[in-house]
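For reference, protein_25.cif (mmCIF, C-alpha atoms and all ligand atoms):
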```
data_coords
loop_
_atom_site.label_atom_id
_atom_site.label_comp_id
_atom_site.auth_asym_id
_atom_site.auth_seq_id
_atom_site.Cartn_x
_atom_site.Cartn_y
_atom_site.Cartn_z
CA MET A 1 8.61 1.69 -36.16
CA THR A 2 5.59 2.43 -38.44
CA VAL A 3 5.49 -1.21 -39.40
CA LEU A 4 5.30 -2.18 -35.75
CA PHE A 5 2.58 0.42 -35.12
CA ILE A 6 0.54 -0.73 -38.09
CA SER A 7 0.82 -4.38 -37.08
CA LEU A 8 -0.28 -3.47 -33.56
CA VAL A 9 -3.32 -1.64 -34.92
CA VAL A 10 -4.16 -4.56 -37.22
CA LEU A 11 -3.74 -7.00 -34.34
CA ALA A 12 -6.01 -4.93 -32.13
CA ALA A 13 -8.60 -4.69 -34.93
CA VAL A 14 -8.51 -8.44 -35.45
CA GLY A 15 -8.82 -8.91 -31.68
CA PHE A 16 -11.87 -6.65 -31.47
CA TYR A 17 -13.44 -8.33 -34.49
CA TRP A 18 -12.88 -11.79 -33.01
CA TYR A 19 -14.24 -10.73 -29.60
CA GLY A 20 -17.27 -9.13 -31.24
CA ARG A 21 -17.95 -12.26 -33.23
CA ARG A 22 -17.67 -14.42 -30.13
CA ARG A 23 -20.18 -12.27 -28.31
CA HIS A 24 -22.38 -12.40 -31.35
CA HIS A 25 -22.02 -16.16 -31.42
CA GLN A 26 -23.43 -16.58 -27.97
CA GLU A 27 -26.66 -14.96 -28.99
CA PRO A 28 -28.06 -17.85 -30.99
CA GLY A 29 -28.31 -19.65 -27.63
CA VAL A 30 -30.60 -16.95 -26.33
CA ALA A 31 -32.59 -16.87 -29.54
CA SER A 32 -33.09 -20.61 -29.75
CA PHE A 33 -34.03 -20.85 -26.08
CA GLN A 34 -36.62 -18.12 -26.64
CA ARG A 35 -37.92 -19.96 -29.69
CA HIS A 36 -38.09 -23.20 -27.70
CA ILE A 37 -39.99 -21.61 -24.81
CA ASP A 38 -42.25 -19.70 -27.18
CA ALA A 39 -43.14 -22.90 -29.06
CA LEU A 40 -44.18 -24.42 -25.72
CA SER A 41 -46.45 -21.55 -24.74
CA SER A 42 -50.08 -22.22 -24.10
CA GLU A 43 -51.14 -20.17 -27.14
CA ARG A 44 -48.89 -22.13 -29.51
CA ARG A 45 -50.18 -25.39 -28.11
CA ARG A 46 -53.78 -24.31 -28.34
CA GLU A 47 -53.17 -23.47 -32.01
CA SER A 48 -51.89 -27.01 -32.63
CA PHE A 49 -54.65 -28.72 -30.69
CA GLU A 50 -57.44 -26.62 -32.15
CA ARG A 51 -56.21 -27.12 -35.66
CA VAL A 52 -56.52 -30.88 -35.38
CA ARG A 53 -59.70 -31.15 -33.33
CA PRO A 54 -62.06 -33.47 -35.31
CA PRO A 55 -65.21 -31.38 -35.94
CA MET A 56 -63.21 -28.42 -37.25
CA HIS A 57 -63.48 -27.02 -40.76
CA ASP A 58 -61.62 -28.85 -43.54
CA ASP A 59 -58.10 -29.70 -42.46
CA ASP A 60 -56.44 -28.79 -45.71
CA TYR A 61 -54.62 -25.74 -44.49
CA ASP A 62 -51.52 -26.68 -42.57
CA ASP A 63 -47.77 -26.74 -43.07
CA GLU A 64 -47.25 -23.70 -40.98
CA THR A 65 -44.55 -24.96 -38.71
CA GLY A 66 -43.97 -21.79 -36.83
CA SER A 67 -40.26 -22.38 -37.17
CA MET B 1 -44.69 -35.57 -49.69
CA ALA B 2 -45.48 -37.55 -46.58
CA ARG B 3 -46.74 -35.71 -43.57
CA ASP B 4 -44.57 -35.93 -40.49
CA LEU B 5 -45.72 -38.21 -37.70
CA ALA B 6 -45.71 -38.51 -33.93
CA ILE B 7 -46.11 -41.98 -32.46
CA ASP B 8 -46.99 -42.99 -28.90
CA LEU B 9 -45.66 -46.53 -28.94
CA GLY B 10 -47.32 -47.52 -25.66
CA THR B 11 -47.12 -50.92 -24.06
CA ALA B 12 -50.92 -51.14 -24.19
CA ASN B 13 -52.00 -48.74 -26.95
CA THR B 14 -50.39 -47.23 -30.01
CA LEU B 15 -51.48 -43.81 -31.24
CA VAL B 16 -50.28 -41.98 -34.33
CA TYR B 17 -50.59 -38.24 -34.89
CA MET B 18 -50.16 -36.84 -38.38
CA LYS B 19 -48.93 -33.30 -38.78
CA GLY B 20 -51.77 -30.92 -39.54
CA LYS B 21 -54.32 -33.69 -39.23
CA GLY B 22 -54.32 -34.97 -35.66
CA ILE B 23 -54.73 -38.54 -34.41
CA VAL B 24 -55.04 -40.89 -37.36
CA LEU B 25 -54.60 -44.23 -35.59
CA ASN B 26 -55.42 -45.49 -32.09
CA GLU B 27 -55.35 -49.20 -31.35
CA PRO B 28 -53.93 -51.84 -28.99
CA SER B 29 -50.18 -52.55 -29.34
CA VAL B 30 -50.70 -56.21 -30.19
CA ILE B 31 -49.37 -58.31 -33.02
CA ALA B 32 -50.45 -61.83 -34.00
CA LEU B 33 -47.89 -64.07 -35.65
CA ASN B 34 -47.79 -67.50 -37.18
CA ARG B 35 -45.54 -69.37 -34.81
CA GLN B 36 -44.12 -71.59 -37.54
CA THR B 37 -43.50 -69.17 -40.38
CA GLY B 38 -43.15 -65.97 -38.37
CA GLU B 39 -45.66 -64.30 -40.70
CA VAL B 40 -47.69 -61.40 -39.30
CA LEU B 41 -51.36 -62.41 -39.28
CA ALA B 42 -52.96 -59.39 -37.67
CA THR B 43 -52.18 -56.23 -35.72
CA GLY B 44 -54.08 -53.83 -33.50
CA ARG B 45 -57.66 -54.46 -32.49
CA GLU B 46 -57.93 -57.62 -34.57
CA ALA B 47 -54.85 -59.12 -32.91
CA TRP B 48 -56.05 -57.95 -29.49
CA GLN B 49 -59.23 -59.97 -29.89
CA MET B 50 -57.09 -63.07 -30.38
CA ILE B 51 -55.21 -62.79 -27.06
CA GLY B 52 -55.71 -65.99 -25.08
CA ARG B 53 -57.94 -67.43 -27.79
CA THR B 54 -55.50 -68.65 -30.42
CA PRO B 55 -54.84 -72.15 -31.71
CA GLY B 56 -51.34 -73.47 -31.12
CA TYR B 57 -49.80 -72.15 -34.32
CA ILE B 58 -50.80 -68.53 -33.71
CA VAL B 59 -49.32 -66.31 -31.03
CA ALA B 60 -50.78 -62.92 -30.16
CA VAL B 61 -48.32 -60.80 -28.17
CA ARG B 62 -47.73 -57.31 -26.83
CA PRO B 63 -44.11 -56.85 -27.89
CA LEU B 64 -43.53 -53.83 -25.65
CA ARG B 65 -45.08 -55.28 -22.54
CA GLY B 66 -43.19 -54.37 -19.39
CA GLY B 67 -41.96 -51.13 -20.89
CA ALA B 68 -38.92 -52.84 -22.31
CA ILE B 69 -38.29 -53.79 -25.88
CA THR B 70 -37.84 -57.47 -25.35
CA ASP B 71 -38.10 -58.53 -28.94
CA PHE B 72 -36.36 -56.16 -31.33
CA GLU B 73 -37.43 -57.98 -34.45
CA ILE B 74 -41.12 -57.94 -33.63
CA THR B 75 -40.92 -54.31 -32.52
CA GLU B 76 -39.32 -53.39 -35.81
CA ARG B 77 -42.02 -55.19 -37.75
CA MET B 78 -44.66 -53.43 -35.73
CA ILE B 79 -43.19 -50.01 -36.47
CA ARG B 80 -42.88 -50.89 -40.15
CA LEU B 81 -46.51 -52.03 -40.38
CA LEU B 82 -47.64 -48.96 -38.48
CA LEU B 83 -45.88 -46.59 -40.86
CA GLN B 84 -47.17 -48.50 -43.86
CA ARG B 85 -50.71 -48.23 -42.58
CA VAL B 86 -50.55 -44.47 -42.32
CA GLY B 87 -49.16 -44.21 -45.83
CA VAL B 88 -45.39 -44.11 -45.44
CA SER B 89 -43.53 -45.72 -48.32
CA ARG B 90 -39.98 -45.68 -49.63
CA PHE B 91 -40.81 -42.58 -51.63
CA THR B 92 -42.45 -40.54 -48.88
CA ARG B 93 -39.97 -40.07 -46.12
CA PRO B 94 -41.50 -38.25 -43.15
CA LYS B 95 -39.87 -37.08 -39.96
CA VAL B 96 -41.04 -39.16 -37.01
CA VAL B 97 -41.11 -38.38 -33.29
CA ILE B 98 -41.64 -41.45 -31.10
CA CYS B 99 -42.58 -41.38 -27.39
CA VAL B 100 -40.76 -43.99 -25.35
CA PRO B 101 -40.50 -44.88 -21.65
CA SER B 102 -37.88 -42.62 -20.09
CA ALA B 103 -36.09 -45.60 -18.55
CA ILE B 104 -35.32 -47.00 -21.99
CA THR B 105 -31.72 -48.17 -22.43
CA GLU B 106 -29.31 -46.86 -25.04
CA VAL B 107 -29.58 -50.13 -26.96
CA GLU B 108 -33.39 -49.98 -26.99
CA ARG B 109 -33.23 -46.36 -28.04
CA ARG B 110 -31.09 -47.18 -31.02
CA ALA B 111 -33.30 -50.14 -31.88
CA VAL B 112 -36.40 -47.93 -32.07
CA THR B 113 -34.83 -45.14 -34.12
CA ASP B 114 -33.12 -47.60 -36.47
CA ALA B 115 -36.38 -49.48 -36.92
CA ALA B 116 -38.19 -46.26 -37.81
CA ARG B 117 -35.48 -45.23 -40.28
CA ARG B 118 -35.43 -48.64 -41.92
CA ALA B 119 -39.21 -48.48 -42.18
CA GLY B 120 -38.99 -45.27 -44.21
CA ALA B 121 -38.58 -42.37 -41.81
CA ALA B 122 -36.20 -39.63 -42.99
CA ASP B 123 -35.41 -38.77 -39.39
CA ALA B 124 -36.52 -40.43 -36.15
CA GLN B 125 -36.34 -38.69 -32.79
CA LEU B 126 -37.41 -39.87 -29.35
CA ILE B 127 -39.13 -38.00 -26.56
CA GLU B 128 -39.82 -39.13 -22.99
CA GLN B 129 -43.44 -40.03 -22.30
CA PRO B 130 -43.93 -37.75 -19.28
CA MET B 131 -42.50 -34.77 -21.17
CA ALA B 132 -44.87 -35.38 -24.08
CA ALA B 133 -47.70 -35.92 -21.60
CA ALA B 134 -47.04 -32.56 -19.94
CA ILE B 135 -47.09 -30.79 -23.30
CA GLY B 136 -50.28 -32.59 -24.31
CA ALA B 137 -51.99 -31.98 -20.97
CA ASP B 138 -51.42 -28.26 -21.51
CA LEU B 139 -49.41 -27.69 -18.34
CA PRO B 140 -47.58 -24.32 -18.28
CA ILE B 141 -44.17 -25.94 -18.74
CA ASP B 142 -42.84 -22.85 -20.51
CA GLU B 143 -42.85 -21.01 -17.17
CA PRO B 144 -40.36 -21.29 -14.31
CA VAL B 145 -42.83 -23.16 -12.11
CA GLY B 146 -42.98 -26.74 -10.90
CA ASN B 147 -45.26 -28.86 -13.07
CA MET B 148 -45.69 -32.43 -12.00
CA VAL B 149 -47.12 -35.09 -14.27
CA ILE B 150 -47.80 -38.75 -13.47
CA ASP B 151 -48.26 -41.03 -16.47
CA ILE B 152 -49.55 -44.47 -15.57
CA GLY B 153 -49.71 -46.73 -18.60
CA GLY B 154 -50.02 -50.44 -19.16
CA GLY B 155 -46.40 -51.32 -18.47
CA THR B 156 -44.82 -48.21 -16.98
CA SER B 157 -45.50 -45.51 -14.43
CA GLU B 158 -43.50 -42.35 -14.89
CA THR B 159 -43.54 -39.23 -12.79
CA ALA B 160 -41.72 -36.08 -13.82
CA VAL B 161 -41.22 -32.56 -12.59
CA ILE B 162 -40.92 -30.13 -15.47
CA SER B 163 -40.02 -26.46 -15.49
CA LEU B 164 -38.89 -24.11 -18.27
CA GLY B 165 -39.30 -26.73 -20.95
CA GLY B 166 -37.03 -29.31 -19.33
CA ILE B 167 -37.18 -32.27 -16.95
CA VAL B 168 -36.03 -31.38 -13.44
CA ALA B 169 -36.75 -34.67 -11.68
CA LEU B 170 -37.86 -38.01 -12.99
CA GLU B 171 -38.86 -41.33 -11.52
CA ALA B 172 -39.86 -44.24 -13.70
CA VAL B 173 -40.83 -47.77 -12.76
CA ARG B 174 -41.66 -50.66 -15.00
CA VAL B 175 -44.89 -51.30 -13.16
CA GLY B 176 -48.25 -50.36 -14.60
CA SER B 177 -51.84 -51.29 -15.13
CA PHE B 178 -50.96 -54.68 -16.67
CA ASP B 179 -49.46 -55.63 -13.32
CA ILE B 180 -52.83 -54.88 -11.73
CA ASP B 181 -54.44 -57.30 -14.20
CA ALA B 182 -51.80 -59.91 -13.34
CA ALA B 183 -52.38 -59.41 -9.60
CA ILE B 184 -56.12 -59.98 -10.08
CA GLN B 185 -55.40 -63.13 -12.09
CA ALA B 186 -53.06 -64.46 -9.41
CA TYR B 187 -55.50 -63.65 -6.60
CA VAL B 188 -58.46 -65.38 -8.27
CA ARG B 189 -56.31 -68.39 -8.93
CA ARG B 190 -55.02 -68.58 -5.37
CA GLU B 191 -58.17 -67.74 -3.43
CA HIS B 192 -60.94 -69.05 -5.67
CA GLY B 193 -59.11 -71.82 -7.48
CA ILE B 194 -60.03 -70.66 -10.97
CA ALA B 195 -57.88 -69.58 -13.87
CA ILE B 196 -58.91 -66.45 -15.76
CA GLY B 197 -57.39 -64.83 -18.84
CA GLU B 198 -55.68 -61.43 -18.89
CA ARG B 199 -58.54 -59.82 -20.76
CA THR B 200 -61.02 -61.00 -18.14
CA ALA B 201 -58.77 -59.67 -15.39
CA GLU B 202 -58.66 -56.31 -17.16
CA GLU B 203 -62.46 -56.27 -17.38
CA VAL B 204 -62.67 -56.90 -13.63
CA LYS B 205 -60.22 -54.05 -12.98
CA VAL B 206 -62.17 -51.57 -15.11
CA ALA B 207 -65.54 -52.71 -13.76
CA ILE B 208 -64.89 -52.87 -10.01
CA GLY B 209 -61.17 -52.26 -9.36
CA SER B 210 -60.21 -49.44 -7.02
CA ALA B 211 -57.17 -48.10 -5.18
CA SER B 212 -59.14 -46.75 -2.24
CA PRO B 213 -62.77 -47.10 -1.12
CA THR B 214 -65.22 -45.22 -3.34
CA GLU B 215 -68.95 -44.62 -3.39
CA ASP B 216 -71.32 -46.92 -5.28
CA GLU B 217 -69.13 -50.03 -5.23
CA SER B 218 -70.45 -53.23 -6.71
CA GLN B 219 -69.52 -56.87 -7.08
CA ALA B 220 -68.59 -58.66 -10.28
CA GLU B 221 -69.19 -62.15 -11.58
CA VAL B 222 -66.10 -63.72 -13.08
CA ARG B 223 -66.00 -66.75 -15.32
CA GLY B 224 -62.94 -68.95 -15.59
CA ARG B 225 -61.74 -72.54 -15.52
CA ASP B 226 -61.81 -74.46 -12.27
CA LEU B 227 -58.27 -75.59 -11.55
CA MET B 228 -59.46 -78.81 -9.85
CA THR B 229 -62.15 -80.04 -12.21
CA GLY B 230 -61.08 -78.24 -15.39
CA LEU B 231 -64.68 -77.17 -15.90
CA PRO B 232 -65.98 -73.61 -16.47
CA LYS B 233 -66.93 -71.94 -13.21
CA THR B 234 -68.31 -68.59 -12.07
CA VAL B 235 -67.28 -66.80 -8.87
CA VAL B 236 -68.29 -63.46 -7.39
CA LEU B 237 -65.58 -60.93 -6.54
CA THR B 238 -66.14 -58.10 -4.10
CA PRO B 239 -64.53 -54.67 -4.49
CA GLU B 240 -62.75 -55.13 -1.15
CA GLU B 241 -61.00 -58.29 -2.23
CA VAL B 242 -59.97 -56.77 -5.57
CA ARG B 243 -58.56 -53.79 -3.67
CA PHE B 244 -56.63 -56.19 -1.46
CA ALA B 245 -55.39 -58.17 -4.48
CA ILE B 246 -53.95 -55.13 -6.24
CA ASP B 247 -52.65 -53.29 -3.22
CA ASP B 248 -48.98 -54.20 -3.67
CA VAL B 249 -48.97 -52.91 -7.23
CA VAL B 250 -50.80 -49.71 -6.32
CA SER B 251 -48.36 -49.16 -3.45
CA SER B 252 -45.33 -49.46 -5.69
CA ILE B 253 -46.84 -46.90 -8.08
CA THR B 254 -47.59 -44.41 -5.30
CA ALA B 255 -44.13 -45.01 -3.81
CA SER B 256 -42.53 -43.95 -7.08
CA VAL B 257 -44.56 -40.71 -7.03
CA VAL B 258 -43.31 -40.05 -3.51
CA ARG B 259 -39.70 -40.66 -4.62
CA CYS B 260 -40.10 -38.17 -7.46
CA LEU B 261 -41.47 -35.55 -5.08
CA ALA B 262 -38.46 -36.08 -2.85
CA LYS B 263 -36.11 -35.44 -5.78
CA ALA B 264 -37.67 -32.09 -6.68
CA PRO B 265 -35.84 -28.92 -5.60
CA PRO B 266 -37.62 -27.17 -2.70
CA GLU B 267 -38.45 -24.04 -4.73
CA LEU B 268 -40.49 -26.13 -7.11
CA ALA B 269 -41.90 -28.41 -4.44
CA GLN B 270 -43.94 -25.60 -2.96
CA ASP B 271 -45.56 -25.01 -6.37
CA PHE B 272 -47.10 -28.48 -6.26
CA LEU B 273 -49.13 -27.63 -3.19
CA SER B 274 -50.95 -24.87 -5.02
CA ARG B 275 -50.89 -26.26 -8.56
CA GLY B 276 -51.33 -29.95 -7.83
CA MET B 277 -50.05 -32.92 -9.83
CA TYR B 278 -51.61 -34.08 -13.10
CA LEU B 279 -52.55 -37.67 -13.73
CA VAL B 280 -52.51 -39.03 -17.30
CA GLY B 281 -52.51 -42.49 -18.89
CA GLY B 282 -55.13 -45.22 -18.85
CA GLY B 283 -53.85 -46.63 -15.56
CA GLY B 284 -54.63 -43.29 -13.93
CA LEU B 285 -58.32 -43.97 -14.58
CA LEU B 286 -58.40 -46.63 -11.87
CA ARG B 287 -61.08 -45.63 -9.36
CA GLY B 288 -59.78 -44.04 -6.17
CA LEU B 289 -56.18 -43.81 -7.41
CA ALA B 290 -56.06 -40.01 -7.47
CA GLN B 291 -57.42 -39.94 -3.90
CA ARG B 292 -54.90 -42.55 -2.80
CA ILE B 293 -51.96 -40.58 -4.20
CA GLU B 294 -53.37 -37.42 -2.66
CA LYS B 295 -53.61 -39.10 0.72
CA GLU B 296 -50.06 -40.41 0.61
CA THR B 297 -48.44 -37.21 -0.62
CA ASN B 298 -50.68 -34.44 0.76
CA VAL B 299 -50.55 -32.89 -2.69
CA PRO B 300 -53.76 -32.36 -4.70
CA VAL B 301 -54.08 -34.63 -7.75
CA ARG B 302 -55.95 -33.52 -10.86
CA MET B 303 -57.09 -35.67 -13.77
CA SER B 304 -55.98 -34.34 -17.13
CA ASN B 305 -58.73 -34.12 -19.72
CA MET B 306 -57.75 -36.61 -22.46
CA PRO B 307 -55.67 -38.96 -20.30
CA LEU B 308 -55.25 -41.52 -23.09
CA GLU B 309 -54.31 -39.04 -25.81
CA ALA B 310 -52.17 -36.51 -23.91
CA VAL B 311 -48.86 -38.19 -24.79
CA VAL B 312 -49.44 -38.38 -28.53
CA MET B 313 -50.90 -34.86 -28.60
CA GLY B 314 -47.76 -33.55 -26.88
CA ALA B 315 -45.51 -35.36 -29.33
CA GLY B 316 -47.77 -34.08 -32.11
CA HIS B 317 -47.11 -30.54 -30.98
CA CYS B 318 -43.37 -31.29 -31.22
CA ILE B 319 -43.83 -32.42 -34.81
CA GLU B 320 -45.80 -29.23 -35.60
CA HIS B 321 -42.89 -27.16 -34.23
CA TYR B 322 -40.10 -29.56 -35.06
CA ASP B 323 -37.25 -27.07 -35.48
CA ALA B 324 -38.05 -24.94 -32.46
CA LEU B 325 -38.49 -27.97 -30.20
CA LYS B 326 -35.52 -30.05 -31.40
CA GLY B 327 -33.93 -29.49 -28.01
CA MET B 328 -36.62 -31.59 -26.33
CA PHE B 329 -35.65 -34.81 -28.03
CA MET B 330 -33.71 -37.48 -26.18
CA GLY B 331 -30.01 -37.15 -26.86
CA ALA B 332 -30.32 -33.45 -27.71
CA ARG B 333 -29.94 -32.47 -24.05
CA ARG B 334 -27.22 -33.35 -21.67
N1 LIG C 1 -61.20 -47.01 -16.68
C1 LIG C 1 -60.08 -47.65 -16.44
N2 LIG C 1 -59.77 -48.09 -15.19
C2 LIG C 1 -58.62 -48.73 -14.95
N3 LIG C 1 -57.69 -48.98 -15.88
C3 LIG C 1 -57.92 -48.57 -17.13
C4 LIG C 1 -59.11 -47.89 -17.48
N4 LIG C 1 -59.06 -47.60 -18.81
C5 LIG C 1 -57.88 -48.08 -19.26
N5 LIG C 1 -57.21 -48.67 -18.27
C6 LIG C 1 -55.90 -49.35 -18.36
O1 LIG C 1 -54.94 -48.46 -18.86
C7 LIG C 1 -53.93 -49.19 -19.56
C8 LIG C 1 -53.63 -48.50 -20.87
O2 LIG C 1 -53.24 -47.20 -20.62
P1 LIG C 1 -52.38 -46.40 -21.70
O3 LIG C 1 -53.02 -46.47 -23.02
O4 LIG C 1 -52.11 -45.06 -21.13
O5 LIG C 1 -51.06 -47.29 -21.70
P2 LIG C 1 -49.81 -47.16 -22.68
O6 LIG C 1 -49.55 -45.74 -22.95
O7 LIG C 1 -50.00 -48.03 -23.85
O8 LIG C 1 -48.69 -47.80 -21.76
P3 LIG C 1 -47.24 -47.20 -21.35
O9 LIG C 1 -47.42 -45.74 -21.16
O10 LIG C 1 -46.89 -47.93 -20.10
O11 LIG C 1 -46.34 -47.56 -22.47
C9 LIG C 1 -54.46 -50.58 -19.76
O12 LIG C 1 -53.75 -51.48 -18.91
C10 LIG C 1 -55.92 -50.48 -19.35
O13 LIG C 1 -56.38 -51.67 -18.73
MG MG C 2 -48.30 -44.29 -22.28
#
```
Now, as a test, write the supplied structure out as structure tokens.
Amino acid sequence: MTVLFISLVVLAAVGFYWYGRRRHHQEPGVASFQRHIDALSSERRRESFERVRPPMHDDDYDDETGS
Amino acid sequence: MARDLAIDLGTANTLVYMKGKGIVLNEPSVIALNRQTGEVLATGREAWQMIGRTPGYIVAVRPLRGGAITDFEITERMIRLLLQRVGVSRFTRPKVVICVPSAITEVERRAVTDAARRAGAADAQLIEQPMAAAIGADLPIDEPVGNMVIDIGGGTSETAVISLGGIVALEAVRVGSFDIDAAIQAYVRREHGIAIGERTAEEVKVAIGSASPTEDESQAEVRGRDLMTGLPKTVVLTPEEVRFAIDDVVSSITASVVRCLAKAPPELAQDFLSRGMYLVGGGGLLRGLAQRIEKETNVPVRMSNMPLEAVVMGAGHCIEHYDALKGMFMGARR
């Protein structure tokens, strides 16, 4: 009887854990979509375009991917 | 460490953007080869000057003409030379984003990415020209609004509706500004009996060509070879006859814009009326073209500032934010 009870509890715990993880797993989609849209924003683009405009100061600072 | 690159491999012009630096190369997409040995003799501006002026053993060609990769081997050599010229070697392996016509086939796609990898790229990704153009023309494509961009190049005309960072509707035709040159050549041959070269036809187009009547129109003198006598001859072309000569080509370009509008969902279509459509690409600089499209669609047309660089600037932005924008590359979406 106790064995059955314990296995039920363990099963339920595993179930909850798995469900939680699945929900957690869907979030990267939201995060990467946000990142994608944010990288396309006007401000981000202006940063890129201004950085490379010819008569700017020396172009030695870069490598800031924003990723 | 090599700096990552964005390449607009246009049918008329090739531009290269280097990460953190901006545009480092901008020249005609022309290659001159020795017909017998297959050796590359010149590329870019130097090769462009040879078009129509070479002795029999040299051939100067635009390998991407027509928006299709007709000669894989030459295209590969062009990409290799391009990467070499901007400092890519076997030891510096940059990531490369290449803009291609959106109508490109799977085989052509693979040919371009393989060529870039073989030429030293660590990773090669492709992006559609109109998408890159919209990014480069600074349209608010991160918002849920209808952004319409028309990119008229040498060999292709592509219209796209973009919203929330993705393409909603797309219409691409393999007709472009080169076809206008060809129409002028054919007209002068037929009506005036003289043969002119493609560079002369292009000069006529830029000097007096128009898609609809404009103010301050003028005539142009054109020199060619008389088809009857074989001797050099000069004729005068009027703006009206040039307009007539190129009308079929202009009509097929405007028709493709109309088809794209028809494909757009109604919610976005109403945005165009207030926001207008944006014209990029060298072909879009034809006089009276914006007015002509406006007249046929009833939608305002705006010229983007930097029509010739918008595509490579957009792809350049993708290379600056490579990881965040991976989803924009061809093959990443479905
Ligand atoms: N002022 C002008 N008036 C008319 N046509 C022009 C003008 N300036 C450039 N062009 C034409 O624009 C074309 C080049 O445009 P662009 O550089 O955008 O083409 P591309 O990007 O190489 O081609 P594609 O996008 O089809 O691959 C050439 O055919 C050129 O004759
Ligand atoms: Mg182009």
Hey, which bits of chain B sit within 6 Å of ligand LIG 1 (chain C), and for each residue what's the closest pair of atoms and how far apart in Å (one decimal), counting all atoms listed in the file, rows by chain and increasing number, as JSON lines?
```
{"residue": "B:Gly10", "atom": "CA", "partner": "C:LIG1", "partner_atom": "O7", "distance": 3.3}
{"residue": "B:Thr11", "atom": "CA", "partner": "C:LIG1", "partner_atom": "O11", "distance": 3.8}
{"residue": "B:Ala12", "atom": "CA", "partner": "C:LIG1", "partner_atom": "O7", "distance": 3.3}
{"residue": "B:Asn13", "atom": "CA", "partner": "C:LIG1", "partner_atom": "O7", "distance": 3.8}
{"residue": "B:Gly67", "atom": "CA", "partner": "C:LIG1", "partner_atom": "O11", "distance": 5.9}
{"residue": "B:Gly153", "atom": "CA", "partner": "C:LIG1", "partner_atom": "O10", "distance": 3.4}
{"residue": "B:Gly154", "atom": "CA", "partner": "C:LIG1", "partner_atom": "O12", "distance": 3.9}
{"residue": "B:Gly155", "atom": "CA", "partner": "C:LIG1", "partner_atom": "O10", "distance": 3.8}
{"residue": "B:Thr156", "atom": "CA", "partner": "C:LIG1", "partner_atom": "O10", "distance": 3.8}
{"residue": "B:Ser177", "atom": "CA", "partner": "C:LIG1", "partner_atom": "O12", "distance": 4.2}
{"residue": "B:Phe178", "atom": "CA", "partner": "C:LIG1", "partner_atom": "O12", "distance": 4.8}
{"residue": "B:Glu202", "atom": "CA", "partner": "C:LIG1", "partner_atom": "O13", "distance": 5.4}
{"residue": "B:Lys205", "atom": "CA", "partner": "C:LIG1", "partner_atom": "C2", "distance": 5.9}
{"residue": "B:Val206", "atom": "CA", "partner": "C:LIG1", "partner_atom": "N2", "distance": 4.2}
{"residue": "B:Gly281", "atom": "CA", "partner": "C:LIG1", "partner_atom": "O4", "distance": 3.4}
{"residue": "B:Gly282", "atom": "CA", "partner": "C:LIG1", "partner_atom": "O1", "distance": 3.2}
{"residue": "B:Gly283", "atom": "CA", "partner": "C:LIG1", "partner_atom": "O1", "distance": 3.9}
{"residue": "B:Leu285", "atom": "CA", "partner": "C:LIG1", "partner_atom": "N2", "distance": 4.4}
{"residue": "B:Leu286", "atom": "CA", "partner": "C:LIG1", "partner_atom": "C2", "distance": 3.7}
{"residue": "B:Leu308", "atom": "CA", "partner": "C:LIG1", "partner_atom": "O4", "distance": 5.1}
```
Shell of 12 Å around Glu73 of chain B, all atoms listed in the file, local chain residues under 3 positions omitted, as a list in words: Gly38, Val40, Pro63, Leu64, Ile69, Thr70, Glu76, Arg77, Met78, Ile79, Arg80, Glu108, Ala111, Val112, Asp114 and Ala115 of chain B
What are the residues of chain B lining chain A at 7 Å or less? Count all atoms listed in the file, and put the answer as an mmCIF file with C-alpha atoms, in the coordinates of the input.
```cif
data_model
loop_
_atom_site.group_PDB
_atom_site.id
_atom_site.type_symbol
_atom_site.label_atom_id
_atom_site.label_comp_id
_atom_site.auth_asym_id
_atom_site.auth_seq_id
_atom_site.Cartn_x
_atom_site.Cartn_y
_atom_site.Cartn_z
ATOM 1 C CA GLY B 20 -51.770 -30.920 -39.540
ATOM 2 C CA LYS B 21 -54.320 -33.690 -39.230
ATOM 3 C CA GLY B 22 -54.320 -34.970 -35.660
ATOM 4 C CA ASP B 138 -51.420 -28.260 -21.510
ATOM 5 C CA PRO B 140 -47.580 -24.320 -18.280
ATOM 6 C CA ASP B 142 -42.840 -22.850 -20.510
ATOM 7 C CA GLY B 165 -39.300 -26.730 -20.950
ATOM 8 C CA HIS B 317 -47.110 -30.540 -30.980
ATOM 9 C CA GLU B 320 -45.800 -29.230 -35.600
ATOM 10 C CA HIS B 321 -42.890 -27.160 -34.230
ATOM 11 C CA ASP B 323 -37.250 -27.070 -35.480
ATOM 12 C CA ALA B 324 -38.050 -24.940 -32.460
ATOM 13 C CA LEU B 325 -38.490 -27.970 -30.200
#
```
Option closest in space to ligand MG 2 (chain C), from B:Pro28, B:Gly136, B:Pro101, B:Gly44 [counting only C-alpha atoms and all ligand atoms]: B:Pro101
Spatial neighbours of Leu227 of chain B, 8 Å, only C-alpha atoms, chain gap at least 3 places, as an MDAnalysis selection string: chainID B and resid 189 193:195 230:231
Distance of atom CA of Gly166 of chain B from atom CA of Ala332 of chain B, expressed in Å to one decimal place: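 According to the coordinates, atom CA of Ala332 of chain B and atom CA of Gly166 of chain B are separated by 11.5 Å.
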